[in-house]
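Engineer: Take a look at the following structure, please.
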Amino acid sequence: MKKKSQRYIATFFCVVLFLMLLRPIAGQALDRRKPQFQAESSYLIFPMPIALPGVGEMVVVTVLAGNIAGTNMDAYVLGISGDAEGYAGEFGDIHILPETLIFGVFSHNLNKVTFNNYASRGMDSDPDDYTLVEQTQFEGLETKLTLTLFDRRFELFGVQYNQEITTSRILDSGGNLIADLSPANQSESKTTTYGSVIDYTDDRQDPRVGARLEVSRSKTPTDDPDAPEFNVWDSNLTVYIPVGKISTFALNYFQSDAEVTREGQTDRTVLEQELGIECFGNSECETARDNLVQNNWASNKYGTATSLGGDERLRGYPFGRYKGAHVRFYGAEFRWNISEETKPFNWFIWKDIRTGTQVAFFYETGTVADTEEDLGTIYRSNYGIGFRLVTASGFVYRPEVALGEEGVAASITFNYPW
């Protein structure tokens, strides 16, 4: 714990030093460019075929409404069909105290979803050495309460996330059955997260100069003596350097560390029995089972920090591609602002007010390991390009493509990566 405290103290002083250096550049204390809470309404209704590396191909029907009825409340629902089936939805920015105390709730319920389970954790796993873990229930409910002060320059937040998972089958990478779990493996978890944000920028939604630091701690307690208990400490620091009159160069540093307070079951024989996979001499099944046992052993021994891969960090890799107890990530992004013209639009299925259009060029690199001594021995990187439409309703529509060492990944989301 002493080392961890020293790291966060060092991060804090880096931020203070940056702000001291930034002040001559800004010329004065950073004022917000625009109001931080706006009430312009918006909506989007759009069916879209997508392919998510590590999840599969599907059609997602998006129904989104921003700043409903002149309030700050946003809502969206995603109907999902294909390799994953179910829905996800959120009600956010519900102001209990106007512009001070904000509540949000997010829910997902998938009755069919398959995730890649790589043979090993860390950075040196073979991208082709994985099995498919099929889940017939992937259900979660998240509630978040945020206290925001000083024109959104300082925030405290708390998040409660409850999850239920039912795993029914294990397939090889080609989709062929390896093992049918009978009875299905069921698990539940409750994760509580507390954190704070310091935002010394000229705008919370679309910053062009300044710095932002977010620090959080997550804990997933359990009554199961075979399951581990650990804290996950995340620090996310982004520095925004102005380029020209309206463009920005963003630099991001992210670290995540698992702090084990109680190890889980580390007897591999017991872990194998708990999986309940009968292979009957099938070597492919035995290999898949051994890999699952090893990954569960590592999770119980070291804990699991926030993974790399997906639409935020290492965007050229599948969701959850790299897992371990310790994570370091570095990102750089040039946001070329083509226009900052405020212009309403209403295209039948899409209504909002455009406040900026951007082309973004980015490069990212990161490393993951189960011990701090092994961090940095292997890095993976990617680069890419994206288009951003910044709107007055608060959404940043973000389609982009990233190229990593294992191929190309495309995504569409509604906010900045960092």
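In the structure tokens, chains take the letters A, B, ... in the order shown, each chain's residues start at 1, and ligands count up from 1 in the order shown.
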Could you pull out the helix (DSSP H, G or I) residues of segment 53-269 of chain A, going by DSSP on the backbone, and write them as a PyMOL selection string?
Structural biologist: chain A and resi 68-70+268-269
Engineer: Write out, as a PDB file, in the first residue's frame, the residues just selected, with C-alpha atoms.
Structural biologist:
```pdb
ATOM      1  CA  ILE A  68     -35.643  15.433 -22.501  1.00  0.00           C
ATOM      2  CA  ALA A  69     -38.439  18.026 -22.243  1.00  0.00           C
ATOM      3  CA  GLY A  70     -36.028  20.882 -21.652  1.00  0.00           C
ATOM      4  CA  ARG A 268      -5.793 -25.936  -9.256  1.00  0.00           C
ATOM      5  CA  THR A 269      -7.485 -29.278  -8.566  1.00  0.00           C
TER       6      THR A 269
END
```
Engineer: Set the distance at 6 Å and use only C-alpha atoms: which residues neighbour segment 371-383 of chain A once local chain neighbours fewer than 4 positions away are removed? I'd like the list as a PyMOL selection string.
Structural biologist: chain A and resi 316+362-367+402-404
Engineer: Write to file, as an mmCIF file, in the first residue's frame, the residues of the selection just made, with N, CA and C atoms.
Structural biologist:
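The resulting file, result_27.cif, is reproduced below:
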```cif
data_model
loop_
_atom_site.group_PDB
_atom_site.id
_atom_site.type_symbol
_atom_site.label_atom_id
_atom_site.label_comp_id
_atom_site.auth_asym_id
_atom_site.auth_seq_id
_atom_site.Cartn_x
_atom_site.Cartn_y
_atom_site.Cartn_z
ATOM 1 N N GLY A 316 -7.539 -0.674 -31.179
ATOM 2 C CA GLY A 316 -7.353 -1.604 -32.280
ATOM 3 C C GLY A 316 -7.413 -3.063 -31.858
ATOM 4 N N PHE A 362 -4.864 9.365 -33.770
ATOM 5 C CA PHE A 362 -4.416 8.940 -32.445
ATOM 6 C C PHE A 362 -3.405 7.795 -32.519
ATOM 7 N N TYR A 363 -2.613 7.730 -31.460
ATOM 8 C CA TYR A 363 -1.642 6.645 -31.268
ATOM 9 C C TYR A 363 -1.710 6.234 -29.798
ATOM 10 N N GLU A 364 -1.693 4.917 -29.549
ATOM 11 C CA GLU A 364 -1.802 4.418 -28.179
ATOM 12 C C GLU A 364 -0.845 3.251 -27.965
ATOM 13 N N THR A 365 -0.383 3.113 -26.742
ATOM 14 C CA THR A 365 0.457 1.967 -26.386
ATOM 15 C C THR A 365 0.206 1.620 -24.931
ATOM 16 N N GLY A 366 0.350 0.348 -24.586
ATOM 17 C CA GLY A 366 0.078 -0.058 -23.214
ATOM 18 C C GLY A 366 0.738 -1.369 -22.872
ATOM 19 N N THR A 367 0.771 -1.653 -21.581
ATOM 20 C CA THR A 367 1.367 -2.885 -21.080
ATOM 21 C C THR A 367 0.561 -3.390 -19.891
ATOM 22 N N ALA A 402 -9.311 1.810 -35.909
ATOM 23 C CA ALA A 402 -7.970 1.682 -35.328
ATOM 24 C C ALA A 402 -7.287 0.447 -35.892
ATOM 25 N N LEU A 403 -5.993 0.560 -36.134
ATOM 26 C CA LEU A 403 -5.187 -0.545 -36.646
ATOM 27 C C LEU A 403 -4.171 -0.950 -35.597
ATOM 28 N N GLY A 404 -4.285 -2.193 -35.124
ATOM 29 C CA GLY A 404 -3.337 -2.738 -34.161
ATOM 30 C C GLY A 404 -2.507 -3.841 -34.778
#
```
Engineer: Just to confirm, what's the straight-line distance from atom CA of Thr146 of chain A to atom CA of Ser216 of chain A in Å (one decimal)?
Structural biologist: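 Pair atom CA of Thr146 of chain A / atom CA of Ser216 of chain A returns 12.9 Å.
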Engineer: Could you give me, as CSV, every segment 173-247 of chain A residue with an atom at most 12 Å from segment 285-288 of chain A, plus its closest atom pair and distance in Å to one decimal, counting only C-alpha atoms, rows ordered by chain then number?
Structural biologist:
```
residue,atom,partner,partner_atom,distance
A:Ser173,CA,A:Ala288,CA,10.8
A:Asn176,CA,A:Cys285,CA,11.0
A:Leu177,CA,A:Cys285,CA,9.1
A:Ile178,CA,A:Cys285,CA,5.4
A:Ala179,CA,A:Cys285,CA,6.6
A:Asp180,CA,A:Cys285,CA,10.4
A:Leu181,CA,A:Cys285,CA,11.9
```
Engineer: Check the smallest atom-to-atom distance from each of A:Leu30, A:Cys279, A:Val209, A:Met123 to Gly309 of chain A using only C-alpha atoms, then report the winner.
Structural biologist: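 Ranking A:Leu30, A:Cys279, A:Val209, A:Met123 by distance to Gly309 of chain A, first place goes to A:Met123.
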Engineer: For Lys144 of chain A, list every protein, DNA or RNA residue within 7 Å, evaluated using only C-alpha atoms, and leave out those in the same chain fewer than 4 positions away; present the list as an MDAnalysis selection string.
Structural biologist: chainID A and resid 103:105 158:160
Engineer: Any chance you could export the current selection's C-alpha atoms as a PDB file, in the first residue's frame?
Structural biologist:
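As a result, part10.pdb now contains:
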```pdb
ATOM      1  CA  PHE A 103     -28.182  10.654 -10.573  1.00  0.00           C
ATOM      2  CA  GLY A 104     -27.986   8.064 -13.350  1.00  0.00           C
ATOM      3  CA  VAL A 105     -28.934   4.426 -13.869  1.00  0.00           C
ATOM      4  CA  GLY A 158     -20.128   6.786  -6.202  1.00  0.00           C
ATOM      5  CA  VAL A 159     -21.168   3.837  -8.373  1.00  0.00           C
ATOM      6  CA  GLN A 160     -22.899   0.570  -7.466  1.00  0.00           C
TER       7      GLN A 160
END
```
Engineer: Hey, what does DSSP flag as strand (DSSP E or B) within segment 71-304 of chain A? Can you give it to me as a VMD selection string?
Structural biologist: chain A and resid 74 to 82 85 to 97 101 to 118 130 to 149 154 to 171 177 to 201 210 to 219 229 to 243 247 to 262
Engineer: So that I have them on file, write out the residues from the current selection with C-alpha atoms, as a tab-separated table (two decimals), in the first residue's frame.
Structural biologist:
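Once everything was written out, this is out-v4.tsv:
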```
chain	number	residue	atom	x	y	z
A	74	ASP	CA	-30.69	11.89	-21.23
A	75	ALA	CA	-31.90	8.43	-22.15
A	76	TYR	CA	-31.06	5.73	-24.67
A	77	VAL	CA	-32.01	2.14	-25.44
A	78	LEU	CA	-30.01	-0.30	-27.58
A	79	GLY	CA	-31.82	-3.29	-29.03
A	80	ILE	CA	-29.26	-5.94	-29.98
A	81	SER	CA	-29.67	-8.94	-32.31
A	82	GLY	CA	-27.10	-11.30	-33.84
A	85	GLU	CA	-28.98	-10.61	-28.23
A	86	GLY	CA	-30.74	-8.45	-25.67
A	87	TYR	CA	-30.81	-4.80	-24.72
A	88	ALA	CA	-28.95	-2.07	-22.88
A	89	GLY	CA	-30.27	1.28	-21.72
A	90	GLU	CA	-29.54	4.28	-19.55
A	91	PHE	CA	-31.25	7.22	-17.88
A	92	GLY	CA	-28.60	9.78	-17.01
A	93	ASP	CA	-28.09	13.37	-15.90
A	94	ILE	CA	-31.11	13.34	-13.60
A	95	HIS	CA	-30.61	16.45	-11.44
A	96	ILE	CA	-31.68	15.87	-7.84
A	97	LEU	CA	-30.21	19.27	-6.98
A	101	LEU	CA	-26.32	16.46	-7.37
A	102	ILE	CA	-26.81	14.20	-10.39
A	103	PHE	CA	-28.18	10.65	-10.57
A	104	GLY	CA	-27.99	8.06	-13.35
A	105	VAL	CA	-28.93	4.43	-13.87
A	106	PHE	CA	-27.70	1.97	-16.52
A	107	SER	CA	-28.98	-1.54	-17.21
A	108	HIS	CA	-28.09	-4.34	-19.62
A	109	ASN	CA	-29.64	-7.75	-20.12
A	110	LEU	CA	-28.20	-10.07	-22.76
A	111	ASN	CA	-29.62	-13.57	-23.09
A	112	LYS	CA	-26.99	-14.53	-25.64
A	113	VAL	CA	-23.42	-13.25	-25.78
A	114	THR	CA	-20.03	-14.83	-26.44
A	115	PHE	CA	-16.67	-13.48	-25.31
A	116	ASN	CA	-13.12	-14.41	-26.29
A	117	ASN	CA	-11.24	-16.11	-23.47
A	118	TYR	CA	-7.52	-15.96	-24.26
A	130	TYR	CA	-8.54	-18.50	-27.43
A	131	THR	CA	-11.86	-20.18	-26.75
A	132	LEU	CA	-15.35	-18.74	-26.89
A	133	VAL	CA	-17.24	-18.58	-23.61
A	134	GLU	CA	-20.98	-18.54	-24.31
A	135	GLN	CA	-23.26	-16.92	-21.77
A	136	THR	CA	-27.05	-17.27	-21.71
A	137	GLN	CA	-27.36	-14.52	-19.12
A	138	PHE	CA	-25.26	-11.39	-18.86
A	139	GLU	CA	-27.26	-9.01	-16.72
A	140	GLY	CA	-26.16	-5.88	-14.89
A	141	LEU	CA	-27.59	-2.84	-13.12
A	142	GLU	CA	-25.47	0.25	-12.40
A	143	THR	CA	-26.48	3.32	-10.39
A	144	LYS	CA	-24.31	6.43	-10.10
A	145	LEU	CA	-24.53	9.52	-7.89
A	146	THR	CA	-22.32	12.54	-8.61
A	147	LEU	CA	-21.71	15.69	-6.57
A	148	THR	CA	-20.37	18.40	-8.87
A	149	LEU	CA	-19.09	21.81	-7.71
A	154	PHE	CA	-14.49	19.27	-8.96
A	155	GLU	CA	-16.62	16.14	-8.57
A	156	LEU	CA	-17.13	13.28	-6.15
A	157	PHE	CA	-18.96	10.18	-7.35
A	158	GLY	CA	-20.13	6.79	-6.20
A	159	VAL	CA	-21.17	3.84	-8.37
A	160	GLN	CA	-22.90	0.57	-7.47
A	161	TYR	CA	-22.83	-2.18	-10.10
A	162	ASN	CA	-24.61	-5.52	-9.62
A	163	GLN	CA	-23.97	-8.32	-12.13
A	164	GLU	CA	-25.30	-11.82	-12.79
A	165	ILE	CA	-23.69	-14.18	-15.30
A	166	THR	CA	-24.68	-17.66	-16.48
A	167	THR	CA	-22.07	-19.51	-18.58
A	168	SER	CA	-23.47	-22.45	-20.54
A	169	ARG	CA	-20.95	-23.62	-23.17
A	170	ILE	CA	-17.32	-23.39	-24.26
A	171	LEU	CA	-16.52	-23.37	-27.98
A	177	LEU	CA	-18.51	-27.15	-29.21
A	178	ILE	CA	-15.81	-28.12	-26.73
A	179	ALA	CA	-17.81	-28.47	-23.52
A	180	ASP	CA	-21.45	-28.15	-22.52
A	181	LEU	CA	-21.69	-27.04	-18.91
A	182	SER	CA	-24.46	-28.92	-17.16
A	183	PRO	CA	-25.54	-27.47	-14.85
A	184	ALA	CA	-24.58	-24.04	-16.18
A	185	ASN	CA	-22.02	-22.05	-14.20
A	186	GLN	CA	-23.69	-19.13	-12.39
A	187	SER	CA	-22.05	-16.20	-10.63
A	188	GLU	CA	-23.08	-12.91	-9.01
A	189	SER	CA	-21.05	-9.89	-7.99
A	190	LYS	CA	-21.56	-6.42	-6.51
A	191	THR	CA	-18.93	-3.77	-7.16
A	192	THR	CA	-18.79	-0.42	-5.36
A	193	THR	CA	-16.69	2.42	-6.79
A	194	TYR	CA	-15.82	5.78	-5.26
A	195	GLY	CA	-13.85	8.48	-6.99
A	196	SER	CA	-13.15	12.13	-7.68
A	197	VAL	CA	-12.44	14.35	-10.68
A	198	ILE	CA	-10.39	17.53	-10.85
A	199	ASP	CA	-11.13	19.35	-14.11
A	200	TYR	CA	-8.96	22.40	-14.81
A	201	THR	CA	-9.92	22.88	-18.47
A	210	GLY	CA	-5.94	22.38	-19.39
A	211	ALA	CA	-5.75	19.11	-17.50
A	212	ARG	CA	-8.16	16.59	-16.01
A	213	LEU	CA	-7.42	13.98	-13.35
A	214	GLU	CA	-9.79	11.21	-12.27
A	215	VAL	CA	-8.94	8.81	-9.43
A	216	SER	CA	-11.19	5.96	-8.27
A	217	ARG	CA	-11.23	2.84	-6.13
A	218	SER	CA	-13.45	-0.18	-6.81
A	219	LYS	CA	-14.14	-3.07	-4.47
A	229	GLU	CA	-11.26	-9.83	-2.57
A	230	PHE	CA	-9.28	-6.95	-4.00
A	231	ASN	CA	-9.41	-3.23	-4.63
A	232	VAL	CA	-8.83	-1.75	-8.09
A	233	TRP	CA	-7.20	1.68	-8.07
A	234	ASP	CA	-7.53	3.66	-11.31
A	235	SER	CA	-5.85	6.97	-12.19
A	236	ASN	CA	-6.61	8.74	-15.46
A	237	LEU	CA	-4.73	11.94	-16.33
A	238	THR	CA	-5.29	13.86	-19.57
A	239	VAL	CA	-3.47	17.02	-20.62
A	240	TYR	CA	-4.94	19.23	-23.36
A	241	ILE	CA	-2.53	21.46	-25.30
A	242	PRO	CA	-4.00	24.06	-27.70
A	243	VAL	CA	-2.89	23.91	-31.34
A	247	SER	CA	-7.53	22.48	-32.39
A	248	THR	CA	-6.12	20.39	-29.55
A	249	PHE	CA	-3.38	17.88	-28.79
A	250	ALA	CA	-4.48	15.49	-26.00
A	251	LEU	CA	-2.04	13.36	-23.98
A	252	ASN	CA	-3.39	10.61	-21.74
A	253	TYR	CA	-1.81	8.50	-19.02
A	254	PHE	CA	-3.81	5.72	-17.36
A	255	GLN	CA	-2.81	3.26	-14.70
A	256	SER	CA	-4.79	0.55	-12.94
A	257	ASP	CA	-3.63	-1.66	-10.08
A	258	ALA	CA	-5.31	-4.52	-8.24
A	259	GLU	CA	-4.61	-4.62	-4.51
A	260	VAL	CA	-5.46	-8.07	-3.11
A	261	THR	CA	-6.83	-8.03	0.43
A	262	ARG	CA	-7.69	-11.75	0.46
```
Engineer: Which one is closest to Phe46 of chain A: A:Val293, A:Gly264, A:Phe280, A:Ala65? Count only C-alpha atoms.
Structural biologist: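 Closest to Phe46 of chain A of all the choices is A:Ala65.
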Engineer: Using Å and a single decimal, report how far atom CA of Ser393 of chain A sits from atom CA of Glu40 of chain A.
Structural biologist: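 It comes out at 5.3 Å.
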Engineer: List as CSV every residue of segment 122-201 of chain A that is in contact with segment 405-414 of chain A, defined as an atom at most 12 Å from one of its atoms (using only C-alpha atoms), together with the nearest atom pair and the distance in Å rounded to one decimal, sorted by chain and then rising number.
Structural biologist:
```
residue,atom,partner,partner_atom,distance
A:Ser125,CA,A:Glu406,CA,11.6
A:Asp126,CA,A:Glu406,CA,9.9
A:Pro127,CA,A:Glu406,CA,7.0
A:Asp128,CA,A:Glu406,CA,9.4
```
Engineer: List the spatial neighbours of Thr342 of chain A as a PyMOL selection string - criterion: any atom at most 10 Å away, only C-alpha atoms, same-chain residues fewer than 5 positions off excluded.
Structural biologist: chain A and resi 353-356+390-392
Engineer: Find the distance between atom CA of Asn67 of chain A and atom CA of Trp336 of chain A and write it in Å to one decimal.
Structural biologist: 27.3 Å
